[in-house]
Amino acid sequence: MKREEKEQIINGLIEQLKETNHFYLTDISDLTVETTSKLRRLCFSKNVKLQVAKNSLIQKALEKSEGDYSELFGVLKGSSAIMFCETANVPAKVIKEFRKTNSKPILKGAYVESSFFIGDSQLDSLVKLKSKNELIGDIIAILQSPAKNVISALQSGGNTIAGIVKTLSERESK
């Protein structure tokens, strides 16, 4: 590979790192071409960008990027692929879904919103992470809950009061 090609790959990785706040490093070695194509299609359908690159190029891109990614340098061994996505837990869900029928990809490490997750044992934790929109939805639901309870109590209380008034008026007329 020529120096210009390497620089192009490094610059492409740097741009991807700037665009997303999270990425996953995975091992997809030993996958057949057909299986890799299935993985790429699944990634594409979930808006995950999968890119295979040499570890040295990935490390140089991480070093040149804004931020300290040195904790991930230890996992850059063997064959590596990097997954980029806008939503933090989507690549983990893709990996989990794909591993229902295959033994790989294996999670080497992940960087999510300034936190590092090292090792395949972190996959379940990453799957459970909530996206920004999910958290906003949870907060709105929590904030709406007391208001709904008050409205419900007022509505049911109104029916109770109306029932009492009706009963009292019926007793007096008898």
# chains A, B, ... in the order shown; residues from 1 in each chain; ligands from 1
>>> select_by_dssp(residues="chain A", states="alpha helix (DSSP H)", output="PyMOL selection string")
chain A and resi 3-19+33-45+55-64+90-98+123-128+132-173
>>> closest_residue(among="A:Phe73, A:Phe44, A:Phe116, A:Phe98", to="Ala61 of chain A", atoms="only C-alpha atoms")
A:Phe73
>>> residues_around(residues="Gln122 of chain A", least_positions_apart="2", cutoff="10 Å", atoms="only C-alpha atoms", output="count of residues only")
14
>>> residues_around(residues="Ser114 of chain A", least_positions_apart="6", cutoff="9 Å", atoms="only C-alpha atoms", output="ChimeraX atom specification")
/A:21-22,67
>>> write_last_selection(atoms="C-alpha atoms", output="PDB file, in the first residue's frame")
ATOM      1  CA  ASN A  21     -19.104  10.493  19.460  1.00  0.00           C
ATOM      2  CA  HIS A  22     -18.824   6.725  19.569  1.00  0.00           C
ATOM      3  CA  GLY A  67      -9.222  13.338  22.303  1.00  0.00           C
TER       4      GLY A  67
END
>>> closest_residue(among="A:Ala53, A:Leu31, A:Ser115, A:Ser45", to="Glu5 of chain A", atoms="only C-alpha atoms")
A:Ala53
>>> residues_around(residues="Ser29 of chain A", least_positions_apart="2", cutoff="9 Å", atoms="only C-alpha atoms", output="ChimeraX atom specification")
/A:27,31-32,78-81,104-105
>>> write_last_selection(atoms="C-alpha atoms", output="JSON list (two decimals), in the first residue's frame")
[["chain", "number", "residue", "atom", "x", "y", "z"],
["A", 27, "ASP", "CA", -12.71, -8.65, 15.28],
["A", 31, "LEU", "CA", -15.54, -14.59, 8.37],
["A", 32, "THR", "CA", -16.15, -15.73, 4.83],
["A", 78, "GLY", "CA", -5.03, -9.19, 15.09],
["A", 79, "SER", "CA", -7.60, -8.25, 12.50],
["A", 80, "SER", "CA", -9.72, -5.20, 13.31],
["A", 81, "ALA", "CA", -12.78, -3.47, 11.96],
["A", 104, "LYS", "CA", -18.17, -13.16, 15.23],
["A", 105, "PRO", "CA", -17.83, -10.18, 15.29]]
>>> atom_distance(atom1="atom CA of Leu62 of chain A", atom2="atom CA of Leu17 of chain A")
8.1 Å
>>> closest_residue(among="A:Cys85, A:Gln59, A:Ser152, A:Arg41", to="Ile10 of chain A", atoms="only C-alpha atoms")
A:Gln59
>>> residues_around(residues="Lys49 of chain A", least_positions_apart="2", cutoff="12 Å", atoms="only C-alpha atoms", output="count of residues only")
30
>>> decode(residues="segment 24-35 of chain A", atoms="all heavy atoms", output="compact mmCIF listing (two decimals), in the first residue's frame")
# COMPACT_ATOMS: atom_id res chain seq x y z
N TYR A 24 -16.92 1.47 17.68
CA TYR A 24 -16.63 0.15 18.21
C TYR A 24 -15.47 -0.45 17.42
O TYR A 24 -15.43 -0.33 16.20
CB TYR A 24 -17.84 -0.77 18.05
CG TYR A 24 -18.99 -0.48 18.98
CD1 TYR A 24 -19.57 0.78 19.05
CD2 TYR A 24 -19.52 -1.47 19.77
CE1 TYR A 24 -20.64 1.04 19.89
CE2 TYR A 24 -20.60 -1.23 20.61
CZ TYR A 24 -21.14 0.03 20.66
OH TYR A 24 -22.20 0.27 21.50
N LEU A 25 -14.57 -1.13 18.11
CA LEU A 25 -13.51 -1.90 17.47
C LEU A 25 -13.88 -3.37 17.60
O LEU A 25 -14.13 -3.84 18.71
CB LEU A 25 -12.16 -1.62 18.13
CG LEU A 25 -11.64 -0.19 17.98
CD1 LEU A 25 -10.43 0.03 18.88
CD2 LEU A 25 -11.28 0.10 16.54
N THR A 26 -13.92 -4.07 16.48
CA THR A 26 -14.35 -5.47 16.49
C THR A 26 -13.38 -6.36 15.75
O THR A 26 -12.55 -5.88 14.98
CB THR A 26 -15.74 -5.62 15.84
OG1 THR A 26 -15.65 -5.20 14.48
CG2 THR A 26 -16.79 -4.81 16.56
N ASP A 27 -13.50 -7.64 15.99
CA ASP A 27 -12.71 -8.65 15.28
C ASP A 27 -13.67 -9.41 14.37
O ASP A 27 -14.59 -10.08 14.85
CB ASP A 27 -12.06 -9.60 16.29
CG ASP A 27 -11.31 -10.75 15.63
OD1 ASP A 27 -11.17 -10.75 14.38
OD2 ASP A 27 -10.87 -11.64 16.36
N ILE A 28 -13.47 -9.26 13.06
CA ILE A 28 -14.31 -10.00 12.10
C ILE A 28 -13.45 -10.95 11.27
O ILE A 28 -13.87 -11.39 10.20
CB ILE A 28 -15.12 -9.06 11.19
CG1 ILE A 28 -14.22 -8.17 10.34
CG2 ILE A 28 -16.10 -8.23 11.99
CD1 ILE A 28 -14.96 -7.43 9.25
N SER A 29 -12.28 -11.27 11.78
CA SER A 29 -11.41 -12.20 11.05
C SER A 29 -12.08 -13.57 10.96
O SER A 29 -12.96 -13.91 11.75
CB SER A 29 -10.07 -12.33 11.75
OG SER A 29 -10.23 -12.89 13.04
N ASP A 30 -11.67 -14.34 10.01
CA ASP A 30 -12.17 -15.70 9.77
C ASP A 30 -13.61 -15.73 9.25
O ASP A 30 -14.18 -16.81 9.10
CB ASP A 30 -12.08 -16.58 11.03
CG ASP A 30 -10.66 -16.68 11.56
OD1 ASP A 30 -9.72 -16.58 10.75
OD2 ASP A 30 -10.49 -16.83 12.78
N LEU A 31 -14.22 -14.58 8.99
CA LEU A 31 -15.54 -14.59 8.37
C LEU A 31 -15.36 -14.75 6.87
O LEU A 31 -14.48 -14.15 6.27
CB LEU A 31 -16.30 -13.29 8.65
CG LEU A 31 -16.77 -13.04 10.08
CD1 LEU A 31 -17.52 -11.71 10.17
CD2 LEU A 31 -17.65 -14.16 10.59
N THR A 32 -16.22 -15.55 6.28
CA THR A 32 -16.15 -15.73 4.83
C THR A 32 -16.62 -14.44 4.14
O THR A 32 -17.23 -13.57 4.77
CB THR A 32 -17.05 -16.89 4.37
OG1 THR A 32 -18.40 -16.55 4.66
CG2 THR A 32 -16.67 -18.19 5.06
N VAL A 33 -16.36 -14.34 2.87
CA VAL A 33 -16.78 -13.17 2.10
C VAL A 33 -18.30 -13.04 2.17
O VAL A 33 -18.84 -11.94 2.35
CB VAL A 33 -16.28 -13.27 0.65
CG1 VAL A 33 -16.85 -12.15 -0.19
CG2 VAL A 33 -14.77 -13.28 0.60
N GLU A 34 -18.99 -14.14 2.03
CA GLU A 34 -20.46 -14.13 2.07
C GLU A 34 -20.97 -13.66 3.43
O GLU A 34 -21.88 -12.82 3.51
CB GLU A 34 -20.99 -15.54 1.77
CG GLU A 34 -22.50 -15.62 1.76
CD GLU A 34 -23.00 -17.05 1.54
OE1 GLU A 34 -22.21 -17.92 1.13
OE2 GLU A 34 -24.20 -17.27 1.78
N THR A 35 -20.37 -14.14 4.50
CA THR A 35 -20.79 -13.76 5.85
C THR A 35 -20.47 -12.29 6.11
O THR A 35 -21.26 -11.57 6.71
CB THR A 35 -20.09 -14.66 6.89
OG1 THR A 35 -20.30 -16.03 6.54
CG2 THR A 35 -20.66 -14.42 8.28
